[in-house]
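Asker: One file is attached below, final07.pdb, containing PDB, C-alpha atoms and all ligand atoms.
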ATOM      1  CA  THR L   1     -25.726 -72.201   9.126  1.00  0.00           C
ATOM      2  CA  PHE L   2     -26.999 -69.080  10.841  1.00  0.00           C
ATOM      3  CA  GLY L   3     -24.867 -67.236  13.339  1.00  0.00           C
ATOM      4  CA  THR L   4     -25.837 -66.988  16.995  1.00  0.00           C
ATOM      5  CA  GLU L   5     -27.680 -63.941  18.306  1.00  0.00           C
ATOM      6  CA  LYS L   6     -24.394 -62.787  19.839  1.00  0.00           C
ATOM      7  CA  ASP L   7     -22.712 -62.971  16.425  1.00  0.00           C
ATOM      8  CA  MET L   8     -25.531 -60.892  14.978  1.00  0.00           C
ATOM      9  CA  GLU L   9     -25.082 -58.252  17.693  1.00  0.00           C
ATOM     10  CA  GLY L  10     -21.369 -58.128  16.882  1.00  0.00           C
ATOM     11  CA  GLU L  11     -22.099 -57.610  13.215  1.00  0.00           C
ATOM     12  CA  LYS L  12     -24.586 -54.851  14.031  1.00  0.00           C
ATOM     13  CA  THR L  13     -22.004 -53.095  16.206  1.00  0.00           C
ATOM     14  CA  LYS L  14     -19.500 -53.287  13.361  1.00  0.00           C
ATOM     15  CA  ALA L  15     -22.095 -51.957  10.907  1.00  0.00           C
ATOM     16  CA  MET L  16     -22.727 -49.020  13.258  1.00  0.00           C
ATOM     17  CA  GLU L  17     -18.993 -48.339  13.407  1.00  0.00           C
ATOM     18  CA  VAL L  18     -19.002 -48.180   9.611  1.00  0.00           C
ATOM     19  CA  GLU L  19     -21.879 -45.669   9.744  1.00  0.00           C
ATOM     20  CA  GLU L  20     -19.928 -43.530  12.177  1.00  0.00           C
ATOM     21  CA  THR L  21     -16.855 -43.492   9.940  1.00  0.00           C
ATOM     22  CA  GLN L  22     -16.369 -39.985   8.622  1.00  0.00           C
ATOM     23  CA  VAL L  23     -16.649 -39.843   4.861  1.00  0.00           C
ATOM     24  CA  THR L  24     -13.368 -37.926   4.787  1.00  0.00           C
ATOM     25  CA  ASP L  25     -11.657 -40.853   6.558  1.00  0.00           C
ATOM     26  CA  VAL L  26     -12.275 -43.243   3.653  1.00  0.00           C
ATOM     27  CA  SER L  27      -9.102 -44.239   1.852  1.00  0.00           C
ATOM     28  CA  LEU L  28      -8.163 -47.064  -0.477  1.00  0.00           C
ATOM     29  CA  LYS L  29      -5.665 -48.284   2.138  1.00  0.00           C
ATOM     30  CA  GLY L  30      -8.325 -48.203   4.877  1.00  0.00           C
ATOM     31  CA  LEU L  31     -10.842 -50.086   2.759  1.00  0.00           C
ATOM     32  CA  SER L  32      -8.177 -52.596   1.783  1.00  0.00           C
ATOM     33  CA  LYS L  33      -7.385 -53.275   5.475  1.00  0.00           C
ATOM     34  CA  LYS L  34     -11.079 -53.766   6.260  1.00  0.00           C
ATOM     35  CA  LEU L  35     -11.436 -56.227   3.360  1.00  0.00           C
ATOM     36  CA  GLU L  36      -8.378 -58.162   4.535  1.00  0.00           C
ATOM     37  CA  GLU L  37      -9.849 -58.427   8.044  1.00  0.00           C
ATOM     38  CA  PHE L  38     -13.262 -59.393   6.638  1.00  0.00           C
ATOM     39  CA  ALA L  39     -11.777 -62.251   4.615  1.00  0.00           C
ATOM     40  CA  LYS L  40      -9.555 -63.427   7.512  1.00  0.00           C
ATOM     41  CA  GLU L  41     -12.433 -63.533  10.000  1.00  0.00           C
ATOM     42  CA  ARG L  42     -14.402 -65.795   7.640  1.00  0.00           C
ATOM     43  CA  ASP L  43     -11.538 -67.996   6.407  1.00  0.00           C
ATOM     44  CA  TRP L  44     -12.262 -66.698   2.909  1.00  0.00           C
ATOM     45  CA  GLU L  45      -8.642 -65.957   2.028  1.00  0.00           C
ATOM     46  CA  PRO L  46      -8.213 -69.180  -0.011  1.00  0.00           C
ATOM     47  CA  PHE L  47     -11.156 -68.107  -2.196  1.00  0.00           C
ATOM     48  CA  HIS L  48      -9.794 -64.633  -2.843  1.00  0.00           C
ATOM     49  CA  SER L  49      -7.492 -65.588  -5.713  1.00  0.00           C
ATOM     50  CA  PRO L  50      -6.953 -62.975  -8.437  1.00  0.00           C
ATOM     51  CA  ARG L  51      -9.089 -64.887 -10.939  1.00  0.00           C
ATOM     52  CA  ASN L  52     -11.975 -65.447  -8.506  1.00  0.00           C
ATOM     53  CA  LEU L  53     -11.953 -61.796  -7.515  1.00  0.00           C
ATOM     54  CA  LEU L  54     -11.893 -60.683 -11.144  1.00  0.00           C
ATOM     55  CA  LEU L  55     -14.908 -62.871 -11.964  1.00  0.00           C
ATOM     56  CA  ALA L  56     -16.735 -61.683  -8.846  1.00  0.00           C
ATOM     57  CA  MET L  57     -16.053 -58.072  -9.826  1.00  0.00           C
ATOM     58  CA  VAL L  58     -17.312 -58.587 -13.372  1.00  0.00           C
ATOM     59  CA  GLY L  59     -20.455 -60.193 -11.918  1.00  0.00           C
ATOM     60  CA  GLU L  60     -21.025 -57.083  -9.810  1.00  0.00           C
ATOM     61  CA  VAL L  61     -20.475 -54.850 -12.873  1.00  0.00           C
ATOM     62  CA  GLY L  62     -23.310 -56.855 -14.466  1.00  0.00           C
ATOM     63  CA  GLU L  63     -25.537 -56.180 -11.436  1.00  0.00           C
ATOM     64  CA  LEU L  64     -24.635 -52.490 -11.716  1.00  0.00           C
ATOM     65  CA  ALA L  65     -25.569 -52.465 -15.411  1.00  0.00           C
ATOM     66  CA  GLU L  66     -28.910 -54.139 -14.591  1.00  0.00           C
ATOM     67  CA  ILE L  67     -29.938 -51.114 -12.547  1.00  0.00           C
ATOM     68  CA  PHE L  68     -29.663 -48.904 -15.642  1.00  0.00           C
ATOM     69  CA  MET L  69     -31.055 -51.477 -18.044  1.00  0.00           C
ATOM     70  CA  TRP L  70     -34.114 -50.427 -20.089  1.00  0.00           C
ATOM     71  CA  ARG L  71     -34.504 -47.107 -18.274  1.00  0.00           C
ATOM     72  CA  GLY L  72     -33.432 -44.961 -21.206  1.00  0.00           C
ATOM     73  CA  GLU L  73     -31.084 -42.007 -20.718  1.00  0.00           C
ATOM     74  CA  VAL L  74     -30.643 -40.912 -17.120  1.00  0.00           C
ATOM     75  CA  ALA L  75     -30.084 -37.300 -16.064  1.00  0.00           C
ATOM     76  CA  LYS L  76     -27.061 -36.441 -13.920  1.00  0.00           C
ATOM     77  CA  GLY L  77     -27.831 -36.747 -10.212  1.00  0.00           C
ATOM     78  CA  LEU L  78     -30.632 -39.229 -11.004  1.00  0.00           C
ATOM     79  CA  PRO L  79     -33.363 -36.687 -10.142  1.00  0.00           C
ATOM     80  CA  ASN L  80     -36.309 -38.977 -10.885  1.00  0.00           C
ATOM     81  CA  TRP L  81     -35.034 -42.067  -9.125  1.00  0.00           C
ATOM     82  CA  GLU L  82     -36.566 -43.421  -5.940  1.00  0.00           C
ATOM     83  CA  GLU L  83     -34.370 -43.415  -2.846  1.00  0.00           C
ATOM     84  CA  ALA L  84     -34.436 -47.225  -2.739  1.00  0.00           C
ATOM     85  CA  ASP L  85     -33.038 -47.397  -6.291  1.00  0.00           C
ATOM     86  CA  LYS L  86     -30.292 -44.919  -5.400  1.00  0.00           C
ATOM     87  CA  GLU L  87     -29.413 -46.973  -2.333  1.00  0.00           C
ATOM     88  CA  HIS L  88     -29.248 -50.119  -4.453  1.00  0.00           C
ATOM     89  CA  LEU L  89     -26.983 -48.263  -6.901  1.00  0.00           C
ATOM     90  CA  GLY L  90     -24.655 -47.288  -4.055  1.00  0.00           C
ATOM     91  CA  GLU L  91     -24.462 -50.927  -2.987  1.00  0.00           C
ATOM     92  CA  GLU L  92     -23.563 -52.229  -6.438  1.00  0.00           C
ATOM     93  CA  LEU L  93     -21.006 -49.449  -7.001  1.00  0.00           C
ATOM     94  CA  SER L  94     -19.480 -50.406  -3.650  1.00  0.00           C
ATOM     95  CA  ASP L  95     -19.347 -54.103  -4.533  1.00  0.00           C
ATOM     96  CA  VAL L  96     -17.413 -53.245  -7.701  1.00  0.00           C
ATOM     97  CA  LEU L  97     -15.052 -50.945  -5.808  1.00  0.00           C
ATOM     98  CA  LEU L  98     -14.451 -53.429  -2.985  1.00  0.00           C
ATOM     99  CA  TYR L  99     -13.685 -56.315  -5.344  1.00  0.00           C
ATOM    100  CA  LEU L 100     -11.428 -54.024  -7.399  1.00  0.00           C
ATOM    101  CA  ILE L 101      -9.475 -53.028  -4.294  1.00  0.00           C
ATOM    102  CA  ARG L 102      -9.192 -56.637  -3.116  1.00  0.00           C
ATOM    103  CA  LEU L 103      -8.166 -57.775  -6.611  1.00  0.00           C
ATOM    104  CA  SER L 104      -5.454 -55.111  -6.756  1.00  0.00           C
ATOM    105  CA  ASP L 105      -4.180 -56.196  -3.345  1.00  0.00           C
ATOM    106  CA  MET L 106      -4.069 -59.864  -4.282  1.00  0.00           C
ATOM    107  CA  CYS L 107      -2.131 -58.897  -7.428  1.00  0.00           C
ATOM    108  CA  GLY L 108       0.375 -56.847  -5.441  1.00  0.00           C
ATOM    109  CA  VAL L 109      -0.701 -53.626  -7.168  1.00  0.00           C
ATOM    110  CA  ASN L 110      -0.874 -50.424  -5.130  1.00  0.00           C
ATOM    111  CA  LEU L 111      -4.109 -49.125  -6.636  1.00  0.00           C
ATOM    112  CA  GLY L 112      -3.897 -45.573  -5.270  1.00  0.00           C
ATOM    113  CA  GLU L 113      -0.372 -45.125  -6.566  1.00  0.00           C
ATOM    114  CA  ALA L 114      -1.203 -46.768  -9.920  1.00  0.00           C
ATOM    115  CA  ALA L 115      -4.280 -44.546 -10.383  1.00  0.00           C
ATOM    116  CA  LEU L 116      -2.344 -41.355  -9.656  1.00  0.00           C
ATOM    117  CA  LYS L 117       0.361 -42.405 -12.122  1.00  0.00           C
ATOM    118  CA  LYS L 118      -2.305 -43.184 -14.725  1.00  0.00           C
ATOM    119  CA  ILE L 119      -3.854 -39.720 -14.331  1.00  0.00           C
ATOM    120  CA  VAL L 120      -0.442 -38.186 -15.042  1.00  0.00           C
ATOM    121  CA  LYS L 121      -0.062 -40.446 -18.089  1.00  0.00           C
ATOM    122  CA  ASN L 122      -3.539 -39.447 -19.312  1.00  0.00           C
ATOM    123  CA  ALA L 123      -2.652 -35.775 -18.929  1.00  0.00           C
ATOM    124  CA  VAL L 124       0.420 -36.197 -21.124  1.00  0.00           C
ATOM    125  CA  LYS L 125      -1.618 -38.043 -23.760  1.00  0.00           C
ATOM    126  CA  TYR L 126      -4.514 -35.561 -23.628  1.00  0.00           C
ATOM    127  CA  PRO L 127      -3.107 -32.090 -22.879  1.00  0.00           C
ATOM    128  CA  ALA L 128      -5.470 -29.536 -21.301  1.00  0.00           C
ATOM    129  CA  LYS L 129      -6.846 -26.781 -23.562  1.00  0.00           C
ATOM    130  CA  ALA L 130      -4.509 -24.109 -22.135  1.00  0.00           C
ATOM    131  CA  ALA L 131      -1.431 -26.250 -22.835  1.00  0.00           C
ATOM    132  CA  ARG L 132      -2.628 -27.012 -26.389  1.00  0.00           C
ATOM    133  CA  ASP L 133      -3.068 -23.295 -27.201  1.00  0.00           C
ATOM    134  CA  VAL L 134       0.529 -22.388 -26.287  1.00  0.00           C
TER     135      VAL L 134
HETATM  136  N1  LIG U   1     -16.325 -64.596  -1.307  1.00  0.00           N
HETATM  137  C1  LIG U   1     -16.797 -63.361  -1.067  1.00  0.00           C
HETATM  138  C2  LIG U   1     -18.161 -63.094  -1.128  1.00  0.00           C
HETATM  139  C3  LIG U   1     -18.607 -61.802  -0.881  1.00  0.00           C
HETATM  140  N2  LIG U   1     -17.717 -60.833  -0.581  1.00  0.00           N
HETATM  141  C4  LIG U   1     -18.174 -59.457  -0.325  1.00  0.00           C
HETATM  142  C5  LIG U   1     -17.680 -58.491  -1.380  1.00  0.00           C
HETATM  143  C6  LIG U   1     -18.934 -57.836  -1.924  1.00  0.00           C
HETATM  144  O1  LIG U   1     -18.997 -56.481  -1.426  1.00  0.00           O
HETATM  145  C7  LIG U   1     -20.099 -58.623  -1.366  1.00  0.00           C
HETATM  146  C8  LIG U   1     -20.767 -59.473  -2.410  1.00  0.00           C
HETATM  147  O2  LIG U   1     -21.721 -60.262  -1.773  1.00  0.00           O
HETATM  148  P1  LIG U   1     -22.734 -61.205  -2.564  1.00  0.00           P
HETATM  149  O3  LIG U   1     -21.959 -62.209  -3.355  1.00  0.00           O
HETATM  150  O4  LIG U   1     -23.716 -61.697  -1.565  1.00  0.00           O
HETATM  151  O5  LIG U   1     -23.388 -60.228  -3.642  1.00  0.00           O
HETATM  152  P2  LIG U   1     -24.525 -59.141  -3.473  1.00  0.00           P
HETATM  153  O6  LIG U   1     -24.317 -58.353  -2.227  1.00  0.00           O
HETATM  154  O7  LIG U   1     -24.541 -58.373  -4.772  1.00  0.00           O
HETATM  155  O8  LIG U   1     -25.861 -59.981  -3.284  1.00  0.00           O
HETATM  156  P3  LIG U   1     -26.864 -60.473  -4.425  1.00  0.00           P
HETATM  157  O9  LIG U   1     -26.022 -61.067  -5.522  1.00  0.00           O
HETATM  158  O10 LIG U   1     -27.734 -61.471  -3.719  1.00  0.00           O
HETATM  159  O11 LIG U   1     -27.587 -59.232  -4.882  1.00  0.00           O
HETATM  160  O12 LIG U   1     -19.558 -59.430  -0.318  1.00  0.00           O
HETATM  161  C9  LIG U   1     -16.375 -61.133  -0.512  1.00  0.00           C
HETATM  162  O13 LIG U   1     -15.562 -60.239  -0.208  1.00  0.00           O
HETATM  163  N3  LIG U   1     -15.929 -62.378  -0.770  1.00  0.00           N
END
Just give me the structure as structure tokens.
Answerer:
Amino acid sequence: TFGTEKDMEGEKTKAMEVEETQVTDVSLKGLSKKLEEFAKERDWEPFHSPRNLLLAMVGEVGELAEIFMWRGEVAKGLPNWEEADKEHLGEELSDVLLYLIRLSDMCGVNLGEAALKKIVKNAVKYPAKAARDV
């Protein structure tokens, strides 16, 4: 069923708030809170099981891959792409990120902390050139 006009206005106001959010304000924790609210407001929490979220995320990775499909190699910065294609790319990248954050939350994994720890682990496994030369 479609929402009332008032609902639509509310959604537009929220969308404008998102637009006003400073890029520097974006954090994994902040996004995670927004996703929690989003699911609560729609009674979607029962659907957000780890397995469902994983499958949804993989589906979005497929949609992301479709954008690059059959285009051949793509230069960094996507210089020859139309704005609409770049916007679509941003949407699919976001879908993957949002499901990944929600999945991590529903698994009780602190994604920011885990990612920082993984970078440290990677650095030990793959020492930087300067460290290798010593
Ligand atoms: N049960 C759901 C369904 C959707 N979403 C959110 C997370 C994603 O950011 C976005 C995905 O929405 P759609 O399933 O409508 O997928 P698309 O936006 O990719 O639309 P389409 O598949 O029509 O291109 O909505 C969610 O959190 N939980």
Asker: Please put the answer as AutoDock Vina command-line options: centre and edge lengths, in Å with one decimal, of a box along x, y and z that encloses all listed atoms of ligand LIG 1 (chain U) plus 8 Å on each side.
Answerer:
--center_x -21.6 --center_y -60.5 --center_z -2.9 --size_x 28.2 --size_y 24.1 --size_z 21.3
Asker: Give me the result of the PyMOL selection byres (((chain L and resi 54) around 12) and not hetatm) on this file, residue by residue, as a PDB file with C-alpha atoms, keeping the file's coordinate frame.
Answerer:
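Wrote selection.pdb, looks like this:
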ATOM      1  CA  PHE L  47     -11.156 -68.107  -2.196  1.00  0.00           C
ATOM      2  CA  HIS L  48      -9.794 -64.633  -2.843  1.00  0.00           C
ATOM      3  CA  SER L  49      -7.492 -65.588  -5.713  1.00  0.00           C
ATOM      4  CA  PRO L  50      -6.953 -62.975  -8.437  1.00  0.00           C
ATOM      5  CA  ARG L  51      -9.089 -64.887 -10.939  1.00  0.00           C
ATOM      6  CA  ASN L  52     -11.975 -65.447  -8.506  1.00  0.00           C
ATOM      7  CA  LEU L  53     -11.953 -61.796  -7.515  1.00  0.00           C
ATOM      8  CA  LEU L  55     -14.908 -62.871 -11.964  1.00  0.00           C
ATOM      9  CA  ALA L  56     -16.735 -61.683  -8.846  1.00  0.00           C
ATOM     10  CA  MET L  57     -16.053 -58.072  -9.826  1.00  0.00           C
ATOM     11  CA  VAL L  58     -17.312 -58.587 -13.372  1.00  0.00           C
ATOM     12  CA  GLY L  59     -20.455 -60.193 -11.918  1.00  0.00           C
ATOM     13  CA  GLU L  60     -21.025 -57.083  -9.810  1.00  0.00           C
ATOM     14  CA  VAL L  61     -20.475 -54.850 -12.873  1.00  0.00           C
ATOM     15  CA  ASP L  95     -19.347 -54.103  -4.533  1.00  0.00           C
ATOM     16  CA  VAL L  96     -17.413 -53.245  -7.701  1.00  0.00           C
ATOM     17  CA  LEU L  97     -15.052 -50.945  -5.808  1.00  0.00           C
ATOM     18  CA  LEU L  98     -14.451 -53.429  -2.985  1.00  0.00           C
ATOM     19  CA  TYR L  99     -13.685 -56.315  -5.344  1.00  0.00           C
ATOM     20  CA  LEU L 100     -11.428 -54.024  -7.399  1.00  0.00           C
ATOM     21  CA  ILE L 101      -9.475 -53.028  -4.294  1.00  0.00           C
ATOM     22  CA  ARG L 102      -9.192 -56.637  -3.116  1.00  0.00           C
ATOM     23  CA  LEU L 103      -8.166 -57.775  -6.611  1.00  0.00           C
ATOM     24  CA  SER L 104      -5.454 -55.111  -6.756  1.00  0.00           C
ATOM     25  CA  ASP L 105      -4.180 -56.196  -3.345  1.00  0.00           C
ATOM     26  CA  MET L 106      -4.069 -59.864  -4.282  1.00  0.00           C
ATOM     27  CA  CYS L 107      -2.131 -58.897  -7.428  1.00  0.00           C
TER      28      CYS L 107
END
Asker: For atom CA of L:Ser94 and atom CA of L:Met69, quote the distance in Å rounded to one decimal.
Answerer: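 Computing it gives 18.5 Å between the two atoms.
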Asker: In Å, how far is it from atom CA of L:Gly108 to atom CA of L:Ala123?
Answerer: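 Between atom CA of L:Gly108 and atom CA of L:Ala123 the gap works out to 25.2 Å.
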Asker: Expressed in Å to a single decimal, how great is the separation between atom CA of L:Lys121 and atom CA of L:Lys29?
Answerer: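 Between atom CA of L:Lys121 and atom CA of L:Lys29 the gap works out to 22.4 Å.
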Asker: Of the candidates L:Val74, L:Ala114, L:Ala65, L:Leu93, which shows the shortest atom-to-atom distance to ligand LIG 1 (chain U), using all atoms listed in the file?
Answerer: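 Distance minimum relative to ligand LIG 1 (chain U) lands on L:Leu93.
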Asker: Given all atoms listed in the file as the basis, pick out the residue of L:Glu87, L:Glu63, L:Glu113, L:Glu41 nearest to ligand LIG 1 (chain U).
Answerer: L:Glu63
Asker: Select, from L:Asp25, L:Pro79, L:His88, L:Lys129, the residue with the minimum atom-to-atom distance to ligand LIG 1 (chain U), counting all atoms listed in the file.
Answerer: L:His88
